[in-house]
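To be precise, the following lines are protein_30.pdb, and they hold PDB, C-alpha atoms.
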```pdb
MODEL        1
ATOM      1  CA  MET I   1     184.033  61.100 157.510
ATOM      2  CA  LEU I   2     183.885  58.073 159.820
ATOM      3  CA  ASP I   3     180.767  57.474 161.921
ATOM      4  CA  PHE I   4     182.100  57.323 165.486
ATOM      5  CA  SER I   5     178.634  56.395 166.785
ATOM      6  CA  LYS I   6     179.284  52.877 165.466
ATOM      7  CA  ILE I   7     182.427  52.399 167.569
ATOM      8  CA  LYS I   8     182.209  49.264 169.720
ATOM      9  CA  THR I   9     183.163  49.414 173.401
ATOM     10  CA  TYR I  10     183.400  46.825 176.171
ATOM     11  CA  PRO I  11     183.000  46.754 179.990
ATOM     12  CA  ILE I  12     186.204  47.794 181.735
ATOM     13  CA  LYS I  13     185.929  44.954 184.260
ATOM     14  CA  THR I  14     186.543  42.450 181.454
ATOM     15  CA  ARG I  15     189.911  44.030 180.638
ATOM     16  CA  LYS I  16     193.219  42.688 181.913
ATOM     17  CA  ASN I  17     195.396  45.451 183.365
ATOM     18  CA  LYS I  18     199.136  45.684 183.934
ATOM     19  CA  GLU I  19     199.078  48.124 186.857
ATOM     20  CA  LYS I  20     197.249  47.510 190.137
ATOM     21  CA  LEU I  21     196.702  49.683 193.168
ATOM     22  CA  ILE I  22     197.963  46.934 195.474
ATOM     23  CA  ASN I  23     201.401  47.339 193.879
ATOM     24  CA  PHE I  24     201.629  51.122 194.416
ATOM     25  CA  PHE I  25     204.246  52.569 196.753
ATOM     26  CA  ASP I  26     203.481  52.776 200.462
ATOM     27  CA  ILE I  27     204.435  56.234 201.765
ATOM     28  CA  ASN I  28     204.960  54.818 205.264
ATOM     29  CA  GLN I  29     207.785  52.542 204.164
ATOM     30  CA  LYS I  30     211.419  53.535 203.895
ATOM     31  CA  TYR I  31     213.007  53.315 200.463
ATOM     32  CA  PRO I  32     216.668  53.583 199.394
ATOM     33  CA  LEU I  33     217.711  57.187 198.839
ATOM     34  CA  LEU I  34     219.027  57.942 195.371
ATOM     35  CA  PRO I  35     222.454  59.648 195.670
ATOM     36  CA  ASP I  36     221.682  62.567 193.362
ATOM     37  CA  LYS I  37     223.120  65.889 194.541
ATOM     38  CA  ASN I  38     220.199  67.875 193.132
ATOM     39  CA  LEU I  39     217.466  66.010 195.032
ATOM     40  CA  PRO I  40     218.375  67.422 198.485
ATOM     41  CA  ILE I  41     218.632  70.891 196.931
ATOM     42  CA  LEU I  42     215.158  70.535 195.418
ATOM     43  CA  ALA I  43     213.699  69.146 198.658
ATOM     44  CA  ASN I  44     215.081  72.082 200.645
ATOM     45  CA  LYS I  45     213.759  74.578 198.084
ATOM     46  CA  ILE I  46     210.306  73.001 198.320
ATOM     47  CA  VAL I  47     210.304  73.081 202.115
ATOM     48  CA  ALA I  48     211.537  76.687 202.171
ATOM     49  CA  ALA I  49     208.808  77.736 199.711
ATOM     50  CA  TYR I  50     206.181  75.903 201.764
ATOM     51  CA  LYS I  51     207.267  77.531 205.032
ATOM     52  CA  ASN I  52     207.257  80.952 203.372
ATOM     53  CA  HIS I  53     203.807  80.376 201.822
ATOM     54  CA  LYS I  54     205.115  80.445 198.256
ATOM     55  CA  LYS I  55     203.614  78.617 195.289
ATOM     56  CA  ILE I  56     204.687  75.020 194.630
ATOM     57  CA  ILE I  57     203.517  73.526 191.328
ATOM     58  CA  PHE I  58     203.981  69.922 190.221
ATOM     59  CA  MET I  59     203.546  69.062 186.534
ATOM     60  CA  LEU I  60     203.130  65.352 185.832
ATOM     61  CA  GLY I  61     203.052  62.846 183.000
ATOM     62  CA  GLY I  62     201.011  59.659 183.103
ATOM     63  CA  HIS I  63     203.962  57.358 183.766
ATOM     64  CA  VAL I  64     204.275  58.780 187.292
ATOM     65  CA  LEU I  65     201.016  57.018 188.119
ATOM     66  CA  LYS I  66     201.730  53.884 186.099
ATOM     67  CA  VAL I  67     204.800  53.124 188.217
ATOM     68  CA  GLY I  68     202.788  53.576 191.417
ATOM     69  CA  CYS I  69     204.255  56.895 192.621
ATOM     70  CA  THR I  70     201.091  58.987 193.004
ATOM     71  CA  PRO I  71     200.692  58.165 196.746
ATOM     72  CA  PHE I  72     203.684  60.455 197.399
ATOM     73  CA  ILE I  73     202.135  63.281 195.372
ATOM     74  CA  ILE I  74     198.749  62.774 197.047
ATOM     75  CA  ASP I  75     200.290  63.044 200.499
ATOM     76  CA  LEU I  76     202.035  66.299 199.573
ATOM     77  CA  VAL I  77     198.666  67.594 198.358
ATOM     78  CA  LYS I  78     196.921  66.499 201.562
ATOM     79  CA  ARG I  79     199.577  68.273 203.632
ATOM     80  CA  GLY I  80     199.074  71.482 201.656
ATOM     81  CA  ILE I  81     202.643  71.493 200.375
ATOM     82  CA  ILE I  82     201.757  71.291 196.681
ATOM     83  CA  GLY I  83     199.586  74.231 195.659
ATOM     84  CA  HIS I  84     198.820  73.244 192.071
ATOM     85  CA  VAL I  85     198.976  69.990 190.099
ATOM     86  CA  ALA I  86     199.104  70.285 186.299
ATOM     87  CA  VAL I  87     199.012  67.116 184.185
ATOM     88  CA  ASN I  88     198.958  65.924 180.618
ATOM     89  CA  GLY I  89     195.863  64.178 179.266
ATOM     90  CA  SER I  90     196.855  60.622 180.115
ATOM     91  CA  LEU I  91     197.253  60.926 183.885
ATOM     92  CA  PRO I  92     193.593  61.673 184.734
ATOM     93  CA  ILE I  93     192.512  58.706 182.627
ATOM     94  CA  HIS I  94     194.686  56.286 184.584
ATOM     95  CA  ASP I  95     193.766  58.115 187.781
ATOM     96  CA  PHE I  96     190.048  57.652 187.050
ATOM     97  CA  GLU I  97     190.483  53.939 186.323
ATOM     98  CA  ILE I  98     192.359  53.490 189.601
ATOM     99  CA  ALA I  99     189.491  55.240 191.401
ATOM    100  CA  LEU I 100     186.927  53.058 189.618
ATOM    101  CA  ILE I 101     188.441  49.553 189.656
ATOM    102  CA  GLY I 102     191.821  49.837 191.429
ATOM    103  CA  GLU I 103     193.636  48.899 188.220
ATOM    104  CA  THR I 104     194.769  50.558 184.975
ATOM    105  CA  SER I 105     196.975  50.221 181.885
ATOM    106  CA  GLU I 106     195.859  47.718 179.287
ATOM    107  CA  ASP I 107     198.063  45.663 176.986
ATOM    108  CA  VAL I 108     198.288  48.091 174.069
ATOM    109  CA  ALA I 109     200.313  45.804 171.814
ATOM    110  CA  LYS I 110     197.620  43.139 171.999
ATOM    111  CA  SER I 111     194.497  45.314 171.971
ATOM    112  CA  ILE I 112     195.617  47.411 168.997
ATOM    113  CA  GLU I 113     195.447  44.261 166.861
ATOM    114  CA  ASP I 114     191.657  43.950 167.066
ATOM    115  CA  GLY I 115     190.809  47.630 167.498
ATOM    116  CA  SER I 116     189.832  47.320 171.160
ATOM    117  CA  PHE I 117     192.621  49.549 172.482
ATOM    118  CA  GLY I 118     191.185  52.332 174.599
ATOM    119  CA  MET I 119     187.606  51.176 174.066
ATOM    120  CA  SER I 120     186.588  50.459 177.662
ATOM    121  CA  GLU I 121     183.075  51.858 177.976
ATOM    122  CA  GLU I 122     183.241  53.347 181.462
ATOM    123  CA  THR I 123     186.491  55.214 180.864
ATOM    124  CA  GLY I 124     185.184  56.876 177.732
ATOM    125  CA  SER I 125     181.606  57.528 178.794
ATOM    126  CA  MET I 126     182.167  58.657 182.393
ATOM    127  CA  LEU I 127     185.113  60.930 181.690
ATOM    128  CA  ASN I 128     183.424  62.507 178.679
ATOM    129  CA  GLU I 129     180.259  62.963 180.736
ATOM    130  CA  ALA I 130     182.295  64.740 183.422
ATOM    131  CA  ILE I 131     183.966  67.003 180.855
ATOM    132  CA  ILE I 132     180.663  67.868 179.128
ATOM    133  CA  ASN I 133     179.052  68.649 182.493
ATOM    134  CA  GLY I 134     182.103  70.710 183.424
ATOM    135  CA  SER I 135     181.800  72.779 180.250
ATOM    136  CA  LYS I 136     178.193  73.596 181.144
ATOM    137  CA  LYS I 137     179.241  74.793 184.608
ATOM    138  CA  ASN I 138     182.356  76.695 183.483
ATOM    139  CA  LEU I 139     184.725  74.277 185.221
ATOM    140  CA  GLY I 140     188.190  73.294 184.118
ATOM    141  CA  MET I 141     188.705  69.713 182.965
ATOM    142  CA  GLY I 142     190.649  68.731 186.078
ATOM    143  CA  GLU I 143     188.075  70.068 188.509
ATOM    144  CA  ALA I 144     185.250  68.470 186.501
ATOM    145  CA  ILE I 145     186.900  65.037 186.724
ATOM    146  CA  GLY I 146     187.667  65.361 190.438
ATOM    147  CA  LYS I 147     184.096  66.495 191.083
ATOM    148  CA  MET I 148     182.702  63.479 189.238
ATOM    149  CA  ILE I 149     184.890  61.023 191.172
ATOM    150  CA  ALA I 150     183.811  62.616 194.462
ATOM    151  CA  GLU I 151     180.098  62.801 193.647
ATOM    152  CA  LYS I 152     179.907  59.258 192.294
ATOM    153  CA  ASN I 153     181.861  58.095 195.353
ATOM    154  CA  LEU I 154     184.004  55.738 193.278
ATOM    155  CA  PRO I 155     185.243  52.676 195.216
ATOM    156  CA  PHE I 156     188.949  53.592 195.263
ATOM    157  CA  LYS I 157     188.646  57.391 195.292
ATOM    158  CA  GLU I 158     191.094  57.656 198.216
ATOM    159  CA  ALA I 159     193.842  56.596 195.785
ATOM    160  CA  SER I 160     192.900  59.250 193.223
ATOM    161  CA  LEU I 161     194.997  62.381 192.782
ATOM    162  CA  SER I 162     192.186  64.221 191.019
ATOM    163  CA  TYR I 163     189.831  63.392 193.905
ATOM    164  CA  TRP I 164     192.217  64.721 196.550
ATOM    165  CA  THR I 165     192.977  67.955 194.706
ATOM    166  CA  TYR I 166     189.228  68.534 194.368
ATOM    167  CA  HIS I 167     188.654  67.652 198.026
ATOM    168  CA  LYS I 168     191.443  69.974 199.205
ATOM    169  CA  LYS I 169     190.394  72.722 196.760
ATOM    170  CA  ILE I 170     193.816  72.774 195.068
ATOM    171  CA  PRO I 171     193.943  73.531 191.304
ATOM    172  CA  PHE I 172     194.218  70.362 189.228
ATOM    173  CA  THR I 173     194.589  71.315 185.584
ATOM    174  CA  VAL I 174     194.516  68.962 182.608
ATOM    175  CA  HIS I 175     196.332  69.962 179.429
ATOM    176  CA  THR I 176     195.227  67.738 176.595
ATOM    177  CA  ALA I 177     196.013  67.673 172.883
ATOM    178  CA  ILE I 178     193.330  66.737 170.363
ATOM    179  CA  GLY I 179     193.349  63.028 169.591
ATOM    180  CA  THR I 180     196.105  62.082 172.023
ATOM    181  CA  GLU I 181     193.959  60.275 174.607
ATOM    182  CA  ILE I 182     191.690  57.230 174.440
ATOM    183  CA  ILE I 183     188.624  59.211 175.530
ATOM    184  CA  TYR I 184     188.669  60.965 172.125
ATOM    185  CA  GLN I 185     187.807  57.584 170.594
ATOM    186  CA  HIS I 186     184.507  57.265 172.473
ATOM    187  CA  PRO I 187     181.240  58.165 170.695
ATOM    188  CA  ARG I 188     180.340  60.477 173.605
ATOM    189  CA  CYS I 189     183.356  62.719 173.083
ATOM    190  CA  ASP I 190     182.542  66.393 172.568
ATOM    191  CA  GLY I 191     185.428  68.314 171.027
ATOM    192  CA  ALA I 192     184.000  71.680 172.030
ATOM    193  CA  ALA I 193     183.728  70.618 175.686
ATOM    194  CA  MET I 194     187.277  69.235 175.563
ATOM    195  CA  GLY I 195     188.623  72.478 174.184
ATOM    196  CA  GLN I 196     186.651  74.708 176.539
ATOM    197  CA  THR I 197     187.592  72.882 179.747
ATOM    198  CA  SER I 198     191.256  72.336 178.903
ATOM    199  CA  TYR I 199     191.642  75.934 177.706
ATOM    200  CA  LEU I 200     190.188  77.140 181.007
ATOM    201  CA  ASP I 201     192.778  74.956 182.746
ATOM    202  CA  PHE I 202     195.484  76.699 180.705
ATOM    203  CA  LYS I 203     194.273  80.025 182.100
ATOM    204  CA  ILE I 204     194.138  78.611 185.636
ATOM    205  CA  LEU I 205     197.735  77.423 185.304
ATOM    206  CA  ALA I 206     198.801  80.870 184.054
ATOM    207  CA  LYS I 207     197.169  82.449 187.114
ATOM    208  CA  SER I 208     199.128  80.131 189.408
ATOM    209  CA  LEU I 209     202.343  81.015 187.608
ATOM    210  CA  THR I 210     201.840  84.683 188.497
ATOM    211  CA  GLN I 211     202.528  83.569 192.099
ATOM    212  CA  LEU I 212     205.706  81.611 191.314
ATOM    213  CA  GLU I 213     208.196  84.222 192.568
ATOM    214  CA  ASP I 214     210.371  82.482 195.244
ATOM    215  CA  GLY I 215     208.362  79.332 194.599
ATOM    216  CA  VAL I 216     209.055  75.987 192.921
ATOM    217  CA  VAL I 217     207.838  74.292 189.759
ATOM    218  CA  VAL I 218     208.676  70.624 189.166
ATOM    219  CA  ASN I 219     208.051  68.725 185.930
ATOM    220  CA  ILE I 220     208.009  64.942 186.362
ATOM    221  CA  GLY I 221     207.688  62.591 183.434
ATOM    222  CA  SER I 222     206.166  64.850 180.782
ATOM    223  CA  ALA I 223     208.520  65.110 177.825
ATOM    224  CA  VAL I 224     206.417  67.305 175.522
ATOM    225  CA  ILE I 225     202.983  68.517 176.640
ATOM    226  CA  MET I 226     203.692  70.073 180.036
ATOM    227  CA  PRO I 227     207.007  71.744 179.062
ATOM    228  CA  GLU I 228     205.279  73.320 176.049
ATOM    229  CA  VAL I 229     202.175  74.367 178.005
ATOM    230  CA  PHE I 230     204.327  75.728 180.827
ATOM    231  CA  LEU I 231     206.439  77.852 178.464
ATOM    232  CA  LYS I 232     203.378  79.412 176.828
ATOM    233  CA  ALA I 233     201.568  80.073 180.114
ATOM    234  CA  PHE I 234     204.767  81.523 181.581
ATOM    235  CA  THR I 235     205.102  83.821 178.573
ATOM    236  CA  VAL I 236     201.566  85.102 179.174
ATOM    237  CA  VAL I 237     202.513  85.890 182.774
ATOM    238  CA  ARG I 238     205.516  87.993 181.758
ATOM    239  CA  ASN I 239     203.594  89.585 178.895
ATOM    240  CA  LEU I 240     201.105  90.853 181.484
ATOM    241  CA  ASN I 241     204.017  92.356 183.462
ATOM    242  CA  TYR I 242     204.053  90.011 186.442
ATOM    243  CA  GLN I 243     207.534  89.993 187.960
ATOM    244  CA  VAL I 244     208.438  86.316 188.174
ATOM    245  CA  LYS I 245     212.215  85.913 188.032
ATOM    246  CA  ASN I 246     213.508  84.139 191.123
ATOM    247  CA  PHE I 247     212.161  80.625 191.482
ATOM    248  CA  THR I 248     213.318  77.031 191.258
ATOM    249  CA  ALA I 249     212.468  75.015 188.150
ATOM    250  CA  ALA I 250     213.256  71.296 188.161
ATOM    251  CA  ASN I 251     212.819  68.474 185.696
ATOM    252  CA  MET I 252     212.761  64.828 186.813
ATOM    253  CA  ASP I 253     212.649  62.098 184.181
ATOM    254  CA  MET I 254     214.104  58.740 183.253
ATOM    255  CA  ILE I 255     216.062  60.109 180.294
ATOM    256  CA  LYS I 256     217.053  63.621 179.284
ATOM    257  CA  HIS I 257     214.680  65.250 176.796
ATOM    258  CA  TYR I 258     215.051  68.494 174.865
ATOM    259  CA  ARG I 259     211.810  70.250 175.803
ATOM    260  CA  PRO I 260     211.867  69.781 179.595
ATOM    261  CA  THR I 261     215.538  70.747 179.701
ATOM    262  CA  VAL I 262     215.112  73.895 177.624
ATOM    263  CA  ASN I 263     211.511  74.940 178.322
ATOM    264  CA  VAL I 264     211.423  74.209 182.064
ATOM    265  CA  VAL I 265     214.985  74.221 183.433
ATOM    266  CA  GLU I 266     216.872  76.706 181.230
ATOM    267  CA  ARG I 267     214.799  79.364 179.444
ATOM    268  CA  PRO I 268     212.411  80.374 182.281
ATOM    269  CA  THR I 269     215.282  80.796 184.772
ATOM    270  CA  SER I 270     217.471  82.916 182.472
ATOM    271  CA  LEU I 271     216.723  86.072 184.495
ATOM    272  CA  GLY I 272     217.404  84.477 187.868
ATOM    273  CA  GLY I 273     216.417  81.553 190.025
ATOM    274  CA  LEU I 274     217.680  77.996 189.811
ATOM    275  CA  GLY I 275     217.269  75.234 187.243
ATOM    276  CA  LEU I 276     217.741  71.600 188.249
ATOM    277  CA  SER I 277     217.839  68.448 186.134
ATOM    278  CA  ILE I 278     217.422  65.058 187.822
ATOM    279  CA  ILE I 279     217.656  62.016 185.566
ATOM    280  CA  ALA I 280     216.753  58.587 186.967
ATOM    281  CA  LYS I 281     213.734  56.291 187.249
ATOM    282  CA  HIS I 282     210.605  57.730 188.863
ATOM    283  CA  GLU I 283     210.621  54.748 191.217
ATOM    284  CA  GLU I 284     213.908  56.116 192.623
ATOM    285  CA  THR I 285     213.588  59.893 192.358
ATOM    286  CA  ILE I 286     210.053  60.404 193.684
ATOM    287  CA  PRO I 287     210.366  58.279 196.866
ATOM    288  CA  THR I 288     213.748  59.913 197.530
ATOM    289  CA  LEU I 289     212.383  63.440 197.055
ATOM    290  CA  TYR I 290     209.394  62.687 199.292
ATOM    291  CA  GLN I 291     211.544  61.267 202.086
ATOM    292  CA  LEU I 292     213.956  64.226 201.875
ATOM    293  CA  ILE I 293     211.029  66.641 202.108
ATOM    294  CA  MET I 294     209.661  64.829 205.163
ATOM    295  CA  LYS I 295     213.079  64.906 206.776
ATOM    296  CA  ALA I 296     213.531  68.636 206.065
ATOM    297  CA  LEU I 297     210.099  69.372 207.542
TER     298      LEU I 297
ENDMDL
END
```
In structure tokens, write the structure found in this file.
Amino acid sequence: MLDFSKIKTYPIKTRKNKEKLINFFDINQKYPLLPDKNLPILANKIVAAYKNHKKIIFMLGGHVLKVGCTPFIIDLVKRGIIGHVAVNGSLPIHDFEIALIGETSEDVAKSIEDGSFGMSEETGSMLNEAIINGSKKNLGMGEAIGKMIAEKNLPFKEASLSYWTYHKKIPFTVHTAIGTEIIYQHPRCDGAAMGQTSYLDFKILAKSLTQLEDGVVVNIGSAVIMPEVFLKAFTVVRNLNYQVKNFTAANMDMIKHYRPTVNVVERPTSLGGLGLSIIAKHEETIPTLYQLIMKAL
């Protein structure tokens, strides 16, 4: 077995990053509206659910942040429109780095050549510290990360989705798979803490899904993890006899994938409700959806 304690890391401030906070979308600007017939339908469903105090859940992949679209999601959280944010393991890593240095996303093709990919010290040590501390306090992974960002008062915390969900007391659940994220490479990583906190987040997501009747669930940019997690958590809900049949399930992504289409849009709505598929770049769909929601409000 390899000795991970010998892994070499480096200071994150020495790393060149491809994505910078200064290039993120500005929610106060007007952007061209994408002419997709399903986007106004989804916006109206979200507004109707919000006005009727129904559950609205957004499930996100990391690319949503990497193209600078999280300011729209953060504003919907701050307004109390989104009631739960569920993410794959990559988003909170990029979200943390934005909160820490205002930049994220290294050059993987270059850094993989010398084994430095994912080896920034602060990302690995601080996130693993948060997760270990969270396991000791019976917190989910998402809440543990948001708590750490808030308590350490990171310089760019106002741009962090995990910070704002923690601040607004909205569930932020992280659904990770063993070995898929760079923080597993760090010597501080504790597999038991990872499993405990992410499994608790699975249960928290299932609890939110019990309230999905007449609500909305939107998957944006997660092709595998969130559709699979959603399907299993949703099965638990029905197995426990919660009546969740009429709701809107939407998938927004750049290309059409099997799992989001089947596991989010089609199978869960087979007994009723509405399934929507919206295929275009996040840089077009998310600003359009946000502006349509604001207009409907």
Write out, as a tab-separated table, each residue of region 67-171 of chain I that has an atom at most 9 Å from region 221-229 of chain I, together with the closest pair of atoms and their distance in Å to one decimal, counting all atoms listed in the file, rows going by chain and rising number.
```
residue	atom	partner	partner_atom	distance
I:Ala86	CA	I:Met226	CA	7.8
I:Val87	CA	I:Met226	CA	6.9
I:Asn88	CA	I:Ile225	CA	6.2
I:Gly89	CA	I:Ile225	CA	8.7
```
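Nearest residue to Gln29 (chain I) among I:Gly142, I:Pro71, I:Pro11, I:Gly61 is I:Pro71, counting only C-alpha atoms.
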Inset, instruction - Name the residues in contact with Asn241 (chain I) at a cut-off of 12 Å, using all atoms listed in the file, excluding same-chain residues fewer than 6 positions from it; report them as a list in words. - result: Thr210, Phe234 and Thr235 of chain I
Legend entry - Atomic distance CA of Lys8 (chain I) - CA of Glu121 (chain I), expressed in Å with one decimal: 8.7 Å
Inset, instruction - Name the residues that the PyMOL selection byres ((chain I and resi 183-194) around 9) picks from the file above, as JSON, numbers by chain, using the file's chain letters and numbers. - result: {"I": [3, 4, 5, 6, 7, 8, 9, 93, 118, 119, 120, 121, 123, 124, 125, 127, 128, 129, 131, 132, 133, 134, 135, 136, 141, 176, 178, 179, 180, 181, 182, 195, 196, 197, 198, 199]}
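The space between CA of Leu271 (chain I) and CA of Asn239 (chain I) spans 14.7 Å.
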Inset, instruction - Excluding His84 (chain I) and residues on its chain fewer than 4 positions from it, collect all residues at most 12 Å away from it, counting all atoms listed in the file, and give them as a PyMOL selection string. - result: chain I and resi 54-60+73-74+76-78+80+142-143+161-162+164-166+168-174+201+204-209+211-212+215-219
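As for CA of Asn23 (chain I) and CA of Gly68 (chain I), they are spaced 6.8 Å apart.
In terms of minimum interatomic distance to Asp75 (chain I), I:Phe25 ranks closest within I:Lys16, I:Lys245, I:Phe25, I:Ser270, counting all atoms listed in the file.
Using only C-alpha atoms, the smallest distance between any of I:Arg79, I:Lys203, I:Lys45, I:His94 and Leu65 (chain I) comes from I:His94.
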Inset, instruction - Any chance you could resolve the PyMOL selection byres ((chain I and resi 101) around 12) against this file and give the residues as a PyMOL selection string? - result: chain I and resi 11-17+19-22+94-100+102-105+122-123+154-157+159-160
Output for the residues just chosen: C-alpha atoms as a JSON list (two decimals), keeping the file's coordinate frame:
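Result file out-v7.json:
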```
[["chain", "number", "residue", "atom", "x", "y", "z"],
["I", 11, "PRO", "CA", 183.00, 46.75, 179.99],
["I", 12, "ILE", "CA", 186.20, 47.79, 181.74],
["I", 13, "LYS", "CA", 185.93, 44.95, 184.26],
["I", 14, "THR", "CA", 186.54, 42.45, 181.45],
["I", 15, "ARG", "CA", 189.91, 44.03, 180.64],
["I", 16, "LYS", "CA", 193.22, 42.69, 181.91],
["I", 17, "ASN", "CA", 195.40, 45.45, 183.36],
["I", 19, "GLU", "CA", 199.08, 48.12, 186.86],
["I", 20, "LYS", "CA", 197.25, 47.51, 190.14],
["I", 21, "LEU", "CA", 196.70, 49.68, 193.17],
["I", 22, "ILE", "CA", 197.96, 46.93, 195.47],
["I", 94, "HIS", "CA", 194.69, 56.29, 184.58],
["I", 95, "ASP", "CA", 193.77, 58.12, 187.78],
["I", 96, "PHE", "CA", 190.05, 57.65, 187.05],
["I", 97, "GLU", "CA", 190.48, 53.94, 186.32],
["I", 98, "ILE", "CA", 192.36, 53.49, 189.60],
["I", 99, "ALA", "CA", 189.49, 55.24, 191.40],
["I", 100, "LEU", "CA", 186.93, 53.06, 189.62],
["I", 102, "GLY", "CA", 191.82, 49.84, 191.43],
["I", 103, "GLU", "CA", 193.64, 48.90, 188.22],
["I", 104, "THR", "CA", 194.77, 50.56, 184.98],
["I", 105, "SER", "CA", 196.98, 50.22, 181.88],
["I", 122, "GLU", "CA", 183.24, 53.35, 181.46],
["I", 123, "THR", "CA", 186.49, 55.21, 180.86],
["I", 154, "LEU", "CA", 184.00, 55.74, 193.28],
["I", 155, "PRO", "CA", 185.24, 52.68, 195.22],
["I", 156, "PHE", "CA", 188.95, 53.59, 195.26],
["I", 157, "LYS", "CA", 188.65, 57.39, 195.29],
["I", 159, "ALA", "CA", 193.84, 56.60, 195.78],
["I", 160, "SER", "CA", 192.90, 59.25, 193.22]]
```
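Distance annotation: of I:Ile293, I:Leu240, I:Ala250, I:Leu2, the residue with the minimal separation from Gly273 (chain I) is I:Ala250; atom set is all atoms listed in the file.
Those residues positioned at most 12 Å from (217.6, 52.7, 187.4) are I:Leu34, I:Pro35, I:Asp253, I:Met254, I:Ile255, I:Ile279, I:Ala280, I:Lys281, I:His282, I:Glu283, I:Glu284, I:Thr285, judged using all atoms listed in the file.
Run against this file, the PyMOL selection byres ((chain I and resi 290) around 9) gives back Ile27, Ala43, Phe72, Ile73, Leu76, Thr285, Ile286, Pro287, Thr288, Leu289, Gln291, Leu292, Ile293, Met294 and Lys295 of chain I.
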Legend entry - Counting all atoms listed in the file, the option among I:Ala150, I:Leu274, I:Leu231, I:Ala296 closest to Arg259 (chain I): I:Leu231
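Take the candidates I:Tyr10, I:Asn138, I:Thr248, I:Asp26 and check each one against Phe117 (chain I) using all atoms listed in the file; the shortest distance goes to I:Tyr10.
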